>>> print(open('protein_6.cif').read())   # mmCIF, C-alpha atoms
data_target
#
loop_
_atom_site.label_atom_id
_atom_site.label_comp_id
_atom_site.auth_asym_id
_atom_site.auth_seq_id
_atom_site.Cartn_x
_atom_site.Cartn_y
_atom_site.Cartn_z
CA MET A 1 -24.53 60.19 271.26
CA SER A 2 -20.80 59.51 271.26
CA GLU A 3 -18.93 57.26 268.90
CA PHE A 4 -19.16 53.52 269.58
CA SER A 5 -16.02 51.44 269.27
CA GLN A 6 -16.12 48.16 267.38
CA ALA A 7 -15.53 46.42 270.72
CA ALA A 8 -18.52 48.16 272.34
CA ILE A 9 -20.75 47.20 269.43
CA ALA A 10 -19.50 43.60 269.62
CA GLU A 11 -20.22 43.52 273.36
CA ALA A 12 -23.77 44.79 272.79
CA LEU A 13 -24.34 42.16 270.09
CA THR A 14 -23.09 39.42 272.40
CA ALA A 15 -25.66 40.46 275.03
CA ILE A 16 -28.51 40.12 272.53
CA SER A 17 -30.30 36.82 271.97
CA PHE A 18 -31.48 36.99 268.37
CA ASN A 19 -34.37 34.65 267.59
CA ASP A 20 -34.41 31.86 265.01
CA ASP A 21 -34.98 34.47 262.30
CA GLY A 22 -31.96 36.45 263.51
CA LEU A 23 -34.16 39.21 264.92
CA VAL A 24 -34.66 40.98 268.24
CA ALA A 25 -37.71 43.04 269.25
CA ALA A 26 -37.01 46.75 269.71
CA ILE A 27 -39.30 49.15 271.56
CA ALA A 28 -38.87 52.86 270.82
CA GLN A 29 -39.59 55.24 273.69
CA ALA A 30 -39.47 59.03 273.36
CA GLU A 31 -36.74 60.79 275.33
CA GLY A 32 -38.26 63.22 277.81
CA THR A 33 -41.95 62.37 277.56
CA GLY A 34 -41.45 58.62 278.02
CA GLU A 35 -44.14 57.94 275.44
CA VAL A 36 -43.90 54.46 273.91
CA LEU A 37 -43.86 55.17 270.19
CA MET A 38 -43.63 51.83 268.39
CA MET A 39 -42.23 48.33 268.36
CA ALA A 40 -40.26 46.88 265.47
CA TRP A 41 -37.48 44.38 264.83
CA MET A 42 -33.73 44.55 264.35
CA ASN A 43 -31.14 42.13 263.04
CA ALA A 44 -27.44 42.30 263.96
CA GLU A 45 -26.74 44.57 261.00
CA ALA A 46 -29.48 47.00 262.07
CA VAL A 47 -28.12 47.11 265.65
CA THR A 48 -24.61 47.71 264.33
CA GLU A 49 -25.74 50.49 262.00
CA THR A 50 -27.85 52.12 264.73
CA LEU A 51 -24.98 52.20 267.21
CA SER A 52 -22.49 53.28 264.55
CA THR A 53 -24.52 56.14 263.10
CA GLY A 54 -26.72 57.17 266.03
CA ARG A 55 -29.73 56.98 263.73
CA VAL A 56 -32.21 54.18 264.34
CA CYS A 57 -32.32 51.47 261.70
CA TYR A 58 -34.73 48.52 261.97
CA TYR A 59 -35.18 45.39 259.88
CA SER A 60 -38.41 45.27 257.92
CA ARG A 61 -39.84 41.76 258.02
CA SER A 62 -42.34 42.53 255.24
CA ARG A 63 -39.73 44.01 252.91
CA GLY A 64 -36.93 41.68 254.01
CA LYS A 65 -34.35 44.43 254.30
CA LEU A 66 -32.95 47.15 256.53
CA TRP A 67 -35.41 49.92 257.29
CA ARG A 68 -33.81 53.23 258.08
CA LYS A 69 -36.64 54.79 260.04
CA GLY A 70 -37.71 57.95 258.24
CA GLU A 71 -36.13 57.09 254.89
CA SER A 72 -39.49 57.63 253.15
CA SER A 73 -41.25 59.93 255.61
CA GLY A 74 -38.41 62.03 256.98
CA GLN A 75 -39.58 61.10 260.49
CA ILE A 76 -36.21 59.88 261.71
CA GLN A 77 -35.21 58.68 265.15
CA ARG A 78 -31.93 59.71 266.74
CA LEU A 79 -30.69 57.18 269.25
CA VAL A 80 -30.23 58.49 272.77
CA GLU A 81 -29.61 55.10 274.40
CA LEU A 82 -29.97 51.42 273.57
CA ARG A 83 -30.88 49.17 276.49
CA VAL A 84 -30.96 45.37 276.65
CA ASP A 85 -33.38 43.41 278.80
CA CYS A 86 -32.54 40.70 281.32
CA ASP A 87 -32.74 37.80 278.89
CA GLY A 88 -31.44 39.74 275.91
CA ASP A 89 -34.42 39.18 273.63
CA THR A 90 -35.84 42.70 273.70
CA LEU A 91 -34.23 46.11 273.25
CA LEU A 92 -35.48 49.43 274.55
CA LEU A 93 -34.41 52.35 272.37
CA ILE A 94 -34.61 55.79 273.94
CA VAL A 95 -35.01 58.05 270.93
CA ASP A 96 -35.33 61.63 269.86
CA GLN A 97 -38.22 61.32 267.38
CA THR A 98 -38.52 63.83 264.56
CA GLY A 99 -42.24 64.43 264.01
CA VAL A 100 -44.38 61.32 264.32
CA ALA A 101 -43.48 57.65 264.68
CA CYS A 102 -46.63 56.08 263.21
CA HIS A 103 -47.31 55.71 259.49
CA THR A 104 -50.86 56.95 260.20
CA GLY A 105 -49.41 60.34 261.12
CA ARG A 106 -49.82 59.87 264.86
CA ARG A 107 -47.04 60.38 267.40
CA SER A 108 -47.37 56.81 268.68
CA CYS A 109 -48.56 53.59 267.05
CA PHE A 110 -50.51 52.73 270.22
CA TYR A 111 -53.50 54.98 269.58
CA ARG A 112 -56.32 52.50 270.20
CA ALA A 113 -57.41 51.58 273.71
CA ALA A 114 -59.59 48.67 274.79
CA ARG A 115 -62.28 50.11 277.02
CA PRO A 116 -65.21 48.38 278.69
CA GLY A 117 -67.52 49.66 275.94
CA GLY A 118 -65.18 48.68 273.09
CA LEU A 119 -62.09 49.95 271.27
CA VAL A 120 -61.62 53.71 271.24
CA THR A 121 -59.19 55.94 269.34
CA ILE A 122 -57.22 58.00 271.86
CA ALA A 123 -54.98 60.02 269.51
CA GLU A 124 -55.53 61.73 266.19
CA PRO A 125 -53.04 62.20 263.34
CA GLU A 126 -50.79 65.24 263.63
CA VAL A 127 -49.93 65.05 259.95
CA SER A 128 -51.67 63.30 257.06
CA PRO A 129 -50.16 60.10 255.63
CA GLU A 130 -50.25 61.83 252.22
CA ALA A 131 -47.98 64.55 253.54
CA LEU A 132 -45.64 61.88 254.89
CA TYR A 133 -45.50 59.60 251.87
CA GLY A 134 -47.19 61.47 249.02
CA HIS A 135 -44.04 62.61 247.27
CA PRO A 136 -40.38 61.62 247.19
CA HIS A 137 -38.53 62.60 250.28
CA SER A 138 -34.88 63.50 250.48
CA HIS A 139 -34.25 62.30 254.02
CA GLY A 140 -34.28 58.57 253.27
CA MET T 1 -60.58 49.13 285.78
CA SER T 2 -64.24 48.55 284.98
CA GLU T 3 -65.82 45.32 283.90
CA PHE T 4 -65.34 44.35 280.25
CA SER T 5 -68.28 42.94 278.37
CA GLN T 6 -67.85 39.83 276.26
CA ALA T 7 -68.46 42.03 273.21
CA ALA T 8 -65.70 44.47 274.21
CA ILE T 9 -63.25 41.61 274.70
CA ALA T 10 -64.24 40.13 271.34
CA GLU T 11 -63.69 43.51 269.66
CA ALA T 12 -60.22 43.82 271.22
CA LEU T 13 -59.33 40.29 270.08
CA THR T 14 -60.47 41.10 266.54
CA ALA T 15 -58.12 44.10 266.43
CA ILE T 16 -55.13 41.92 267.36
CA SER T 17 -53.07 40.13 264.74
CA PHE T 18 -51.75 37.06 266.52
CA ASN T 19 -48.64 35.57 264.88
CA ASP T 20 -48.28 32.03 263.52
CA ASP T 21 -47.77 30.79 267.07
CA GLY T 22 -50.99 32.49 268.18
CA LEU T 23 -49.08 35.14 270.15
CA VAL T 24 -48.88 38.91 270.30
CA ALA T 25 -46.05 40.95 271.85
CA ALA T 26 -47.05 42.91 274.96
CA ILE T 27 -45.04 45.79 276.43
CA ALA T 28 -45.72 46.69 280.06
CA GLN T 29 -45.33 50.36 280.98
CA ALA T 30 -45.73 51.70 284.52
CA GLU T 31 -48.66 54.02 285.09
CA GLY T 32 -47.45 57.39 286.29
CA THR T 33 -43.69 57.11 285.81
CA GLY T 34 -43.93 55.87 282.22
CA GLU T 35 -41.08 53.45 282.86
CA VAL T 36 -40.99 50.56 280.39
CA LEU T 37 -40.90 47.51 282.65
CA MET T 38 -40.79 44.43 280.42
CA MET T 39 -41.91 42.79 277.22
CA ALA T 40 -43.61 39.41 277.09
CA TRP T 41 -46.16 37.53 274.98
CA MET T 42 -49.89 36.90 275.18
CA ASN T 43 -52.21 34.49 273.44
CA ALA T 44 -55.95 35.09 273.02
CA GLU T 45 -56.68 33.37 276.31
CA ALA T 46 -54.21 35.59 278.17
CA VAL T 47 -55.72 38.74 276.63
CA THR T 48 -59.19 37.53 277.58
CA GLU T 49 -58.19 36.73 281.14
CA THR T 50 -56.34 40.05 281.52
CA LEU T 51 -59.32 42.10 280.37
CA SER T 52 -61.77 39.97 282.38
CA THR T 53 -59.89 40.07 285.67
CA GLY T 54 -57.91 43.32 285.44
CA ARG T 55 -54.79 41.41 286.43
CA VAL T 56 -52.14 40.93 283.77
CA CYS T 57 -51.69 37.38 282.47
CA TYR T 58 -49.07 36.54 279.82
CA TYR T 59 -48.29 33.35 277.95
CA SER T 60 -44.95 31.78 278.85
CA ARG T 61 -43.28 30.46 275.71
CA SER T 62 -40.71 28.51 277.72
CA ARG T 63 -43.31 26.84 279.96
CA GLY T 64 -45.96 26.62 277.25
CA LYS T 65 -48.77 27.86 279.47
CA LEU T 66 -50.49 30.92 280.89
CA TRP T 67 -48.28 33.01 283.14
CA ARG T 68 -50.17 35.01 285.71
CA LYS T 69 -47.56 37.68 286.40
CA GLY T 70 -46.65 37.50 290.07
CA GLU T 71 -47.98 33.99 290.67
CA SER T 72 -44.61 32.93 292.10
CA SER T 73 -43.15 36.27 293.17
CA GLY T 74 -46.20 38.20 294.32
CA GLN T 75 -45.14 41.04 292.02
CA ILE T 76 -48.45 41.34 290.21
CA GLN T 77 -49.53 43.84 287.58
CA ARG T 78 -52.95 45.46 287.65
CA LEU T 79 -54.11 46.52 284.22
CA VAL T 80 -54.85 50.22 283.84
CA GLU T 81 -55.29 50.16 280.07
CA LEU T 82 -54.60 47.85 277.14
CA ARG T 83 -53.67 49.58 273.88
CA VAL T 84 -53.30 48.07 270.42
CA ASP T 85 -50.84 49.37 267.83
CA CYS T 86 -51.59 50.39 264.25
CA ASP T 87 -51.05 46.97 262.70
CA GLY T 88 -52.35 45.02 265.68
CA ASP T 89 -49.23 42.96 266.32
CA THR T 90 -48.10 44.66 269.53
CA LEU T 91 -49.94 45.60 272.72
CA LEU T 92 -49.02 48.30 275.19
CA LEU T 93 -50.20 47.52 278.71
CA ILE T 94 -50.34 50.43 281.12
CA VAL T 95 -49.97 48.73 284.49
CA ASP T 96 -49.86 49.34 288.18
CA GLN T 97 -46.84 47.20 289.14
CA THR T 98 -46.60 45.78 292.63
CA GLY T 99 -42.92 45.83 293.58
CA VAL T 100 -40.55 44.93 290.78
CA ALA T 101 -41.18 43.60 287.27
CA CYS T 102 -37.86 41.84 286.66
CA HIS T 103 -36.97 38.41 287.99
CA THR T 104 -33.57 39.84 288.96
CA GLY T 105 -35.31 42.03 291.53
CA ARG T 106 -35.06 45.22 289.49
CA ARG T 107 -37.99 47.52 288.71
CA SER T 108 -37.45 47.14 284.96
CA CYS T 109 -35.93 44.37 282.84
CA PHE T 110 -34.08 47.00 280.77
CA TYR T 111 -31.25 47.62 283.20
CA ARG T 112 -28.27 47.32 280.85
CA ALA T 113 -27.30 50.17 278.54
CA ALA T 114 -24.95 50.07 275.57
CA ARG T 115 -22.49 52.89 276.02
CA PRO T 116 -19.51 53.85 273.88
CA GLY T 117 -17.19 52.12 276.34
CA GLY T 118 -19.30 48.96 276.61
CA LEU T 119 -22.40 47.63 278.37
CA VAL T 120 -23.16 49.20 281.74
CA THR T 121 -25.65 48.25 284.45
CA ILE T 122 -27.89 51.25 285.11
CA ALA T 123 -30.16 49.85 287.84
CA GLU T 124 -29.57 47.65 290.85
CA PRO T 125 -31.96 45.09 292.40
CA GLU T 126 -34.44 46.51 294.90
CA VAL T 127 -35.12 43.04 296.29
CA SER T 128 -33.11 39.83 296.07
CA PRO T 129 -34.30 37.04 293.76
CA GLU T 130 -34.18 34.74 296.80
CA ALA T 131 -36.70 36.94 298.57
CA LEU T 132 -38.91 36.81 295.47
CA TYR T 133 -38.70 33.10 294.74
CA GLY T 134 -37.02 31.47 297.73
CA HIS T 135 -40.19 30.19 299.39
CA PRO T 136 -43.75 29.42 298.39
CA HIS T 137 -45.82 32.51 297.81
CA SER T 138 -49.50 32.82 298.34
CA HIS T 139 -50.22 35.41 295.66
CA GLY T 140 -49.84 33.12 292.64
#
>>> encode(input="protein_6.cif", output="structure tokens")
Amino acid sequence: MSEFSQAAIAEALTAISFNDDGLVAAIAQAEGTGEVLMMAWMNAEAVTETLSTGRVCYYSRSRGKLWRKGESSGQIQRLVELRVDCDGDTLLLIVDQTGVACHTGRRSCFYRAARPGGLVTIAEPEVSPEALYGHPHSHG
Amino acid sequence: MSEFSQAAIAEALTAISFNDDGLVAAIAQAEGTGEVLMMAWMNAEAVTETLSTGRVCYYSRSRGKLWRKGESSGQIQRLVELRVDCDGDTLLLIVDQTGVACHTGRRSCFYRAARPGGLVTIAEPEVSPEALYGHPHSHG
């Protein structure tokens, strides 16, 4: 991803309708496969950092602070493209995902499917959560 | 899509963490192409109706009522599969989209991309909004 000017970042921010909490929903989709990996939230600072650095940064509602994806697990996301929807309240991030997106060790967070007989698990972990979070990680 | 039992619907609802407004975010992704079409919201009634009928029904926050996708435009979504994410606060709907998902007449709502030089439009309308909404439609 090329360098974003301050003006380009400002224009992107202007197109986004942040909600009353100052947040916008952000869907991460894997470049190439098109797999939908996760959904999280961003504030203006997270959008700015993501466009500035090319590395995806969300806002953690539970922790109340910026969440540089992969800071604990090493499973970072490089931004390929940030897209804005028609009414500006959702972003689609095309990303190059290192490893797995889900904290359970699965590629995608959407690993349970509602089927006529009940909920079924459609993907297994590729790495154990212990391996992801069990010891301090230098990437974060 | 096969018929969902009451028990299967109840199990899906139990896996979903509705927010304080009783809503859950729902991402629609096109079956086959993998294109992310839109993001909207569902309440428990919308999830129930969607699983019961196989036709996607959202909850319109602006109108404060169920929104049977395509009721005005005819651009309906047939549900292929409903998936629940790891913490239950986002759904991924794999859908068979009739026509276009966006009210602007584009396939996807995510038609603007942030580029280093500024925001660019990356998809054009396939049908005019007038054609979608200009006269009463029998599908809704």
>>> atom_distance(input="protein_6.cif", atom1="atom CA of T:Gln29", atom2="atom CA of T:Val84")
13.4 Å
>>> closest_atom_pairs(input="protein_6.cif", of="chain T", to="chain A", cutoff="8 Å", atoms="all atoms listed in the file", output="CSV")
residue,atom,partner,partner_atom,distance
T:Ser2,CA,A:Pro116,CA,6.4
T:Glu3,CA,A:Pro116,CA,6.1
T:Phe4,CA,A:Pro116,CA,4.3
T:Ser5,CA,A:Pro116,CA,6.3
T:Ala7,CA,A:Gly118,CA,7.4
T:Ala8,CA,A:Gly118,CA,4.4
T:Ile9,CA,A:Gly118,CA,7.5
T:Glu11,CA,A:Gly118,CA,6.4
T:Ala12,CA,A:Ala114,CA,6.1
T:Gly34,CA,A:Gly34,CA,5.6
T:Glu35,CA,A:Gly34,CA,7.1
T:Met38,CA,A:Asp85,CA,7.7
T:Met39,CA,A:Thr90,CA,7.0
T:Glu81,CA,A:Ala113,CA,6.9
T:Leu82,CA,A:Ala114,CA,5.6
T:Arg83,CA,A:Ala113,CA,4.2
T:Val84,CA,A:Arg112,CA,5.4
T:Asp85,CA,A:Phe110,CA,4.1
T:Cys86,CA,A:Cys109,CA,5.2
T:Thr90,CA,A:Met39,CA,7.0
T:Leu91,CA,A:Phe110,CA,7.6
T:Leu92,CA,A:Phe110,CA,6.8
T:Cys102,CA,A:Cys86,CA,7.6
T:Thr104,CA,A:Cys86,CA,7.8
T:Cys109,CA,A:Asp85,CA,4.9
T:Phe110,CA,A:Asp85,CA,4.2
T:Tyr111,CA,A:Asp85,CA,6.5
T:Arg112,CA,A:Val84,CA,5.4
T:Ala113,CA,A:Arg83,CA,4.2
T:Ala114,CA,A:Leu82,CA,5.6
T:Arg115,CA,A:Ala8,CA,7.2
T:Pro116,CA,A:Phe4,CA,4.3
T:Gly117,CA,A:Ala8,CA,5.8
T:Gly118,CA,A:Ala8,CA,4.4
T:Leu119,CA,A:Ala12,CA,6.4
>>> atom_distance(input="protein_6.cif", atom1="atom CA of T:Leu23", atom2="atom CA of A:Ala44")
23.6 Å
>>> closest_residue(input="protein_6.cif", among="T:Ser60, T:Thr50, T:Ser17, T:Ser73", to="T:Ser128", atoms="only C-alpha atoms")
T:Ser73
>>> closest_residue(input="protein_6.cif", among="A:Arg61, A:Arg107, A:Arg68, A:Arg78", to="A:Ala46", atoms="all atoms listed in the file")
A:Arg68
>>> resolve_selection(input="protein_6.cif", expression="the PyMOL selection byres ((chain A and resi 126) around 6)", output="ChimeraX atom specification")
/A:105-106,125,127
>>> atom_distance(input="protein_6.cif", atom1="atom CA of A:Cys57", atom2="atom CA of A:Ala123")
25.4 Å
>>> resolve_selection(input="protein_6.cif", expression="the PyMOL selection byres ((chain T and resi 65-67) around 10)", output="list in words")
Ala40, Trp41, Met42, Asn43, Glu45, Ala46, Glu49, Val56, Cys57, Tyr58, Tyr59, Ser60, Arg61, Ser62, Arg63, Gly64, Arg68, Lys69, Gly70, Glu71, Ser72 and Gly140 of chain T
>>> resolve_selection(input="protein_6.cif", expression="the PyMOL selection byres ((chain T and resi 80) around 6)", output="PyMOL selection string")
chain T and resi 79+81+94-95
